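Peer 1: Encoded as C-alpha cells, here's the structure I'll be asking about.
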Number of protein chains: 2
Amino acid sequence: MAESSRRLRPEPRYGTRPTMKDVAARAGVGLKTVSRVVNGEPGVTPDTERRVQEAIEALGFRRNDSARVLRKGRTASIGLVIEDLADPFYGPLNRAVEEVARAHGALLINGSSAEDPEREQELVLALCARRVDGLIVVPAGHDHRYLEPEIKAGVATVFVDRPAGRIEADAVLSDSFGGSRAGTAHLVAHGHRRIGFIGDQSTIHTAAERLRGYRAAMADAGLVIEPGWISLGTTDPDRVRESVATMLDAPNPVTAIFAGNNRVTVTAVRVLAGRSRSVALVGFDDIELADLLDPGVTVVAQDAATLGRTAAERLFQRLDGAADAPSRVVLPTRLITRGSGELAPAY
Amino acid sequence: MAESSRRLRPEPRYGTRPTMKDVAARAGVGLKTVSRVVNGEPGVTPDTERRVQEAIEALGFRRNDSARVLRKGRTASIGLVIEDLADPFYGPLNRAVEEVARAHGALLINGSSAEDPEREQELVLALCARRVDGLIVVPAGHDHRYLEPEIKAGVATVFVDRPAGRIEADAVLSDSFGGSRAGTAHLVAHGHRRIGFIGDQSTIHTAAERLRGYRAAMADAGLVIEPGWISLGTTDPDRVRESVATMLDAPNPVTAIFAGNNRVTVTAVRVLAGRSRSVALVGFDDIELADLLDPGVTVVAQDAATLGRTAAERLFQRLDGAADAPSRVVLPTRLITRGSGELAPAY
DNA sequence: TAGGCCCTGGACAACGTTGTCAGGTGAATG
DNA sequence: CATTCACCTGACAACGTTGTCCAGGGCCTA
C-alpha cells in the first residue's frame with residue numbers, strides 16, 4: 001500500500017527541470033547569486049556572472065515563475081473573459097488587450113463565456129485562483145456580486161462592452177443606444193415609416209440598449225411600432241431568417257430593417273439578397289466586405305479595438321494604483337453609409 | 001534606510017487574501033483539514049466540513065493556485081501562440097483549442113507572435129517560465145531549437161498550421177499544397193491559361209506550399225509561368241492592390257488570379273470589383289459573405305476549428321503520456337465553387 | 001472489558017523563488 | 001600598519017499549498 005502511494009508521487013514526465021539550486025551547484029556559487037544574475041540585480045562580479053550564465057546555459061535553466069509569483073505576490077498576468085473567441089467582433093478587442101498587456105509586461109489568459117453566466121463565473125473564479133492581477137470581462141451574467149471578495153482582495157476588474165450587474169465597477173462601453181437611435185433615424189430620414197428591429201436577447205445589455213435606441217428614434221419621428229416589427233431572441237440564423245420573412249410577408253410589411261448585431265446583419269443580408277423587393281437595411285457592427293455587396297451594407301460601426309485598448313489601459317491604471325471611483329466610459333459609434341440604408345421605401 | 005526598505009516590502013494593494021491558515025484558525029481546525037475540504041479529499045466529518053465551508057465563505061477564501069502549482073508540478077494550463085488574435089482565420093482555431101482545454105480542465109494562455117520570430121520565442125519562453133503543461137504554436141520563425149530544453153523537460157508541444165523548424169515535433173497542418181494545386185487546376189479547367197498567383201512571404205511555410213501547389217498545377221497543365229505572374233511578399237492591401245494592377249495592366253494580362261490567403265483574397269475582390277473586365281478568382285481560405293458577392297468568391301477552404309481541435313487533442317494525448325514518435329497530420333482542404341472561379345477567360 | 005482497527009485531524013517538510021541580513025574580502029585612507 | 005568602508009556573496013526564512021506520517025479517539029469484536 002505504501003508502495004502504491006509512492007508510485008503515485010508526482011513524477012516528472014520526462015526530465016526534471018533544473019532549479020536555481022542546481023545552477024548554483026554547477027557554477028560553484030550561492031543560490032542567491034544565481035537569483036541575482038537571473039534578475040539582473042546589481043552586485044555581481046562580471047566573472048561570477050559569466051560562470052552563472054554558463055551554468056544556466058548548460059543546464060537549460062528557466063526560472064519557475066510559479067515560485068516567483070508565490071514569493072512576490074504579483075503574477076504579471078491578466079484575465080480576459082469574452083463571449084466567444086471565434087466571433088470576429090472580439091478578435092480585434094482581444095488583440096488590443098494583448099498589446100496593452102504586453103506593453104506592461106503581462107501575459108493574457110483568456111476564455112469564452114459562451115454567453116453562459118455560470119461558465120463566466122467559473123472562468124472568472126478560476127482566473128482569480130491563478131491570481132491574475134486583473135480582469136477584463138465581457139459579462140454574460142447580470143449579477144457580479146460573486147466578484148466582491150475578489151475585488152476587495154485587490155483584483156482590478158474592468159468590464160467591457162457591457163456593464164457589470166449589481167456591483168460598482170469600471171466599464172467601457174459603446175454607445176449602443178445612441179448608435180441604434182442614429183441608425184434608425186437614418187432610415188426614417190430616407191423616408192421609411194415601417195421599420196423592423198431584429199436583435200439579440202434583451203437580457204443582454206447591449207441588445208436592450210439598441211432596442212431602446214430604435215424605440216427612441218421611432219418615437220422621435222412620431223411613429224408607432226406595430227406588433228410584429230420587433231424580433232428578439234437568439235441570433236441563430238434560422239430564427240433570424242424566420243423573423244425577416246415574417247416581417248416582410250406580413251399584409252402590411254416593413255420597408256426597412258435595423259439589425260441589432262453583426263450576426264443578425266449577416267443573416268439579414270443573406271435573406272434580403274434572395275428577395276426581389278428592395279428592403280433597406282442598417283446593421284449594428286461593421287462586417288467585413290460590407291462595402292463590396294450590392295448594395296453596400298450601411299452600418300453603425302463600433303471600434304472593438306479601441307474598446308479593448310481603453311479597457312486594458314484603465315485596468316493598468318488601476319494596477320498602478322488609481323483609486324478613484326469606478327468610471328463608465330462610453331465610446332461613440334459611427335454611421336457608415338454604403339447604400340443599403342439609403343434605399344427608398346419600395347412602396 | 002531600514003525604514004524605506006521596509007516601506008518597499010511587497011504590500012497588498014487593498015486587503016490581503018485569506019489563506020488556508022486563516023480559514024483553519026477561524027474554523028478551529030488544522031491547516032491540512034482545510035486543504036482536504038477544499039480539494040474534496042475524503043476523511044473529513046460532515047460537521048467539520050461544514051465548519052470549514054462556513055469559514056471559507058465568511059473570509060472569501062480562494063485557493064492560491066500558484067502555490068498549488070509549485071507543490072504539484074502541473075499547472076493545468078496550456079499556451080497558445082498564434083500569429084494574430086485579430087485575424088478572423090484564427091478565431092475559430094483559438095476557440096476550438098479552448099474548448100478542448102476546457103474539457104481537460106485546463107486554462108488557455110495566449111498571445112500573438114505578429115509573424116515575428118523573436119516575439120514568438122519571447123512569448124513561448126515566457127509561457128514555459130509559467131510552466132504551462134503544453135504549448136500549441138503557430139510558428140513564425142524557422143528555427144525552434146530553442147525549444148529543445150523545454151521539450152526535454154517535459155513541455156508537450158504541438159505545432160499547428162505550419163511545421164516546426166529544425167526540430168522534430170508534432171504538427172497539424174492543412175494541405176496547402178494540394179489545396180492550391182486543386183484551386184489552380186480548377187481555373188485551368190475553366191479555360192484559363194494565364195493565371196497569376198499572389199501570396200504571402202515565401203518564408204512562411206504555408207505560403208511556400210501554396211506557391212508550390214500553383215506551380216505544380218501549372219506544370220500539370222503544361223503551362224509556362226511568365227515573369228510578373230507571381231507576386232510574393234506582404235499581404236498589405238496597398239502592395240496587393242499594386243500587384244493585381246500590374247498583372248492586369250500588363251501587355252499580356254492574366255485572365256485569372258489565385259489568391260494565397262484570406263487577406264489577399266479580400267483585397268483582390270476589392271480591386272476586381274473596381275474593374276470592368278471580368279477576371280476569374282480563386283482564394284485560399286474561406287471568407288465571410290463570400291457567397292453574397294457578385295460573383296460569389298470561389299475558395300479553397302480549410303477548417304480552422306478542426307485544425308485547432310486536432311492539435312489540442314494531440315497535445316492532451318501527449319500530456320496523458322503518449323510517447324510515440326512525433327506525427328504530422330495533414331487535413332484536407334475543400335474547394336467551394338461560388339462563381340468567381342468559374343468565369344471564363346475574358347479574352 | 002480489553003484489544004485492535006479504522007477514521008479523523010494535525011504537525012511538518014517540501015516545492016523554487018526572493019527579501020533580509022550578516023559575513024568576508026579587498027582596497028583606500030588615516 | 002590599522003581601520004574603515006564599499007562591495008560581493010551566501011545562509012536563511014518566508015510565500016501558500018500538498019504529501020507524508022503519526023497520534024488520538026471511538027467503535028467493534030473476541
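Just remember, in the C-alpha cells the first chain shown is A, the second B, etc., residues are 1-based per chain, and ligands are 1-based in the order shown.
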I need the helix (DSSP H, G or I) residues of stretch 134-305 of chain B per DSSP on the backbone, written as number ranges by chain.

Peer 2: B: 145-152, 176-189, 205-220, 237-249, 262-273, 290-292, 304-305

Peer 1: Quick one: residues within 9 Å of A:Lys32, only C-alpha atoms (C1' of nucleotides), excluding same-chain residues fewer than 5 positions away - as a PyMOL selection string?

Peer 2: (chain A and resi 20-21+24+37) or (chain C and resi 18) or (chain D and resi 9-10)

Peer 1: For the selection you just gave me, I'd like the residues written to a file as a short mmCIF file (atom, residue, chain, number, x, y, z; two decimals), in the first residue's frame, keeping all heavy atoms.

Peer 2:
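Output file result20.cif is given in full below:
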```cif
data_model
loop_
_atom_site.label_atom_id
_atom_site.label_comp_id
_atom_site.auth_asym_id
_atom_site.auth_seq_id
_atom_site.Cartn_x
_atom_site.Cartn_y
_atom_site.Cartn_z
N MET A 20 17.39 26.83 -9.51
CA MET A 20 18.50 27.74 -9.20
C MET A 20 19.55 27.03 -8.35
O MET A 20 20.73 27.30 -8.45
CB MET A 20 17.98 28.96 -8.46
CG MET A 20 17.25 29.93 -9.36
SD MET A 20 16.97 31.50 -8.53
CE MET A 20 16.19 32.42 -9.86
N LYS A 21 19.07 26.12 -7.51
CA LYS A 21 19.99 25.37 -6.67
C LYS A 21 20.97 24.58 -7.54
O LYS A 21 22.18 24.56 -7.28
CB LYS A 21 19.17 24.41 -5.79
CG LYS A 21 19.85 23.98 -4.52
CD LYS A 21 18.83 23.33 -3.60
CE LYS A 21 19.31 21.98 -3.13
NZ LYS A 21 18.23 21.21 -2.47
N ALA A 24 23.34 26.90 -9.12
CA ALA A 24 24.31 27.36 -8.12
C ALA A 24 25.39 26.31 -7.89
O ALA A 24 26.59 26.62 -7.86
CB ALA A 24 23.59 27.68 -6.82
N VAL A 37 21.73 37.08 -10.68
CA VAL A 37 22.08 37.10 -12.10
C VAL A 37 20.82 37.00 -12.96
O VAL A 37 20.62 37.78 -13.90
CB VAL A 37 23.03 35.93 -12.45
CG1 VAL A 37 23.21 35.81 -13.96
CG2 VAL A 37 24.37 36.12 -11.76
P DT C 18 13.49 35.01 -8.26
OP1 DT C 18 13.01 35.89 -9.34
OP2 DT C 18 14.90 34.59 -8.20
"O5'" DT C 18 13.14 35.66 -6.85
"C5'" DT C 18 11.89 36.31 -6.66
"C4'" DT C 18 11.83 36.87 -5.26
"O4'" DT C 18 12.15 35.84 -4.31
"C3'" DT C 18 12.82 38.02 -4.99
"O3'" DT C 18 12.13 39.01 -4.26
"C2'" DT C 18 13.92 37.36 -4.17
"C1'" DT C 18 13.14 36.30 -3.41
N1 DT C 18 13.92 35.11 -2.98
C2 DT C 18 13.81 34.68 -1.67
O2 DT C 18 13.11 35.24 -0.85
N3 DT C 18 14.55 33.57 -1.35
C4 DT C 18 15.37 32.85 -2.20
O4 DT C 18 15.97 31.87 -1.80
C5 DT C 18 15.44 33.36 -3.56
C7 DT C 18 16.30 32.65 -4.57
C6 DT C 18 14.73 34.44 -3.88
P DT D 9 30.48 38.25 -6.43
OP1 DT D 9 31.57 37.44 -6.99
OP2 DT D 9 29.34 38.69 -7.26
"O5'" DT D 9 29.91 37.46 -5.17
"C5'" DT D 9 30.82 36.83 -4.27
"C4'" DT D 9 30.08 36.29 -3.06
"O4'" DT D 9 29.43 37.37 -2.37
"C3'" DT D 9 28.97 35.30 -3.38
"O3'" DT D 9 29.45 33.99 -3.08
"C2'" DT D 9 27.80 35.69 -2.48
"C1'" DT D 9 28.41 36.78 -1.60
N1 DT D 9 27.48 37.88 -1.19
C2 DT D 9 27.12 37.99 0.13
O2 DT D 9 27.51 37.23 0.99
N3 DT D 9 26.27 39.04 0.41
C4 DT D 9 25.77 39.97 -0.50
O4 DT D 9 25.02 40.86 -0.13
C5 DT D 9 26.19 39.78 -1.87
C7 DT D 9 25.71 40.72 -2.91
C6 DT D 9 27.02 38.76 -2.15
P DG D 10 28.56 32.71 -3.35
OP1 DG D 10 29.46 31.55 -3.54
OP2 DG D 10 27.57 33.06 -4.39
"O5'" DG D 10 27.81 32.50 -1.96
"C5'" DG D 10 28.59 32.29 -0.79
"C4'" DG D 10 27.70 32.24 0.43
"O4'" DG D 10 27.05 33.52 0.61
"C3'" DG D 10 26.58 31.21 0.36
"O3'" DG D 10 26.46 30.62 1.64
"C2'" DG D 10 25.34 32.04 0.05
"C1'" DG D 10 25.66 33.32 0.81
N9 DG D 10 24.98 34.51 0.32
C8 DG D 10 24.84 34.91 -0.98
N7 DG D 10 24.19 36.04 -1.10
C5 DG D 10 23.89 36.41 0.21
C6 DG D 10 23.20 37.54 0.70
O6 DG D 10 22.70 38.48 0.07
N1 DG D 10 23.11 37.52 2.09
C2 DG D 10 23.63 36.54 2.90
N2 DG D 10 23.45 36.68 4.20
N3 DG D 10 24.28 35.48 2.44
C4 DG D 10 24.37 35.48 1.09
#
```

Peer 1: List every residue of chain B that has an atom at most 6 Å from any atom of chain C, giving for each one its closest atom pair and the distance in Å to one decimal, counting only C-alpha atoms (C1' of nucleotides), sorted by chain and then by ascending residue number, as a tab-separated table.

Peer 2:
```
residue	atom	partner	partner_atom	distance
B:Gly30	CA	C:DG10	C1'	5.4
B:Leu70	CA	C:DC15	C1'	5.3
B:Arg71	CA	C:DC15	C1'	4.5
```

Peer 1: Go through chain B residue by residue and, counting only C-alpha atoms (C1' of nucleotides), keep those with an atom at most 7 Å from chain D; for each kept residue give the shortest atom pair and its distance in Å to one decimal, ordered by chain and increasing number, as a tab-separated table.

Peer 2:
```
residue	atom	partner	partner_atom	distance
B:Thr19	CA	D:DG16	C1'	6.8
B:Asn64	CA	D:DG16	C1'	6.8
B:Ala67	CA	D:DT17	C1'	5.0
B:Arg68	CA	D:DT17	C1'	4.9
B:Arg71	CA	D:DT18	C1'	6.3
```

Peer 1: How would the residues just chosen look if you wrote them out with N, CA, C and O atoms as a short mmCIF file (atom, residue, chain, number, x, y, z; two decimals), in the first residue's frame?

Peer 2:
```
data_model
loop_
_atom_site.label_atom_id
_atom_site.label_comp_id
_atom_site.auth_asym_id
_atom_site.auth_seq_id
_atom_site.Cartn_x
_atom_site.Cartn_y
_atom_site.Cartn_z
N THR B 19 -5.65 32.97 3.70
CA THR B 19 -5.02 31.71 3.30
C THR B 19 -5.69 30.56 4.03
O THR B 19 -6.55 30.78 4.89
N ASN B 64 -5.00 29.54 -3.59
CA ASN B 64 -3.96 30.15 -4.40
C ASN B 64 -3.32 29.09 -5.28
O ASN B 64 -2.53 28.27 -4.82
N ALA B 67 0.62 28.57 -5.52
CA ALA B 67 1.25 27.71 -4.52
C ALA B 67 0.97 26.25 -4.84
O ALA B 67 1.82 25.38 -4.72
N ARG B 68 -0.23 26.01 -5.27
CA ARG B 68 -0.63 24.65 -5.61
C ARG B 68 0.25 24.10 -6.74
O ARG B 68 0.77 22.99 -6.67
N ARG B 71 3.68 23.22 -5.71
CA ARG B 71 3.73 21.95 -4.99
C ARG B 71 3.51 20.76 -5.90
O ARG B 71 4.19 19.75 -5.82
#
```

Peer 1: Apply DSSP to the backbone of this structure and, from stretch 49-109 of chain A, keep only the residues in strand (DSSP E); write these as a count of residues only.

Peer 2: 9

Peer 1: Near chain A, which residues of chain B fall within 7 Å when you count only C-alpha atoms, and what do they look like as a PyMOL selection string?

Peer 2: chain B and resi 10+13-17+60+62-67+69-70+72+85-88+91-92+94-95+98+108-111+129-131+149+152-154+270+292-293

Peer 1: When you count only C-alpha atoms, which of these residues is closest to A:His190: A:Arg275, A:Gly339, A:Ser176, A:Ile82?

Peer 2: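 Going through A:Arg275, A:Gly339, A:Ser176, A:Ile82 one by one, the smallest distance to A:His190 is for A:Gly339.
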
Peer 1: Expressed in Å to a single decimal, how great is the separation between atom CA of B:Pro117 and atom CA of B:Arg309?

Peer 2: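 Between these atoms lies a distance of 24.2 Å.
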
Peer 1: So the first atom is atom CA of A:Arg51 and the second is atom CA of A:Thr33; what is the distance between them in Å, to one decimal place?

Peer 2: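 Calculated distance between atom CA of A:Arg51 and atom CA of A:Thr33 is 10.8 Å.
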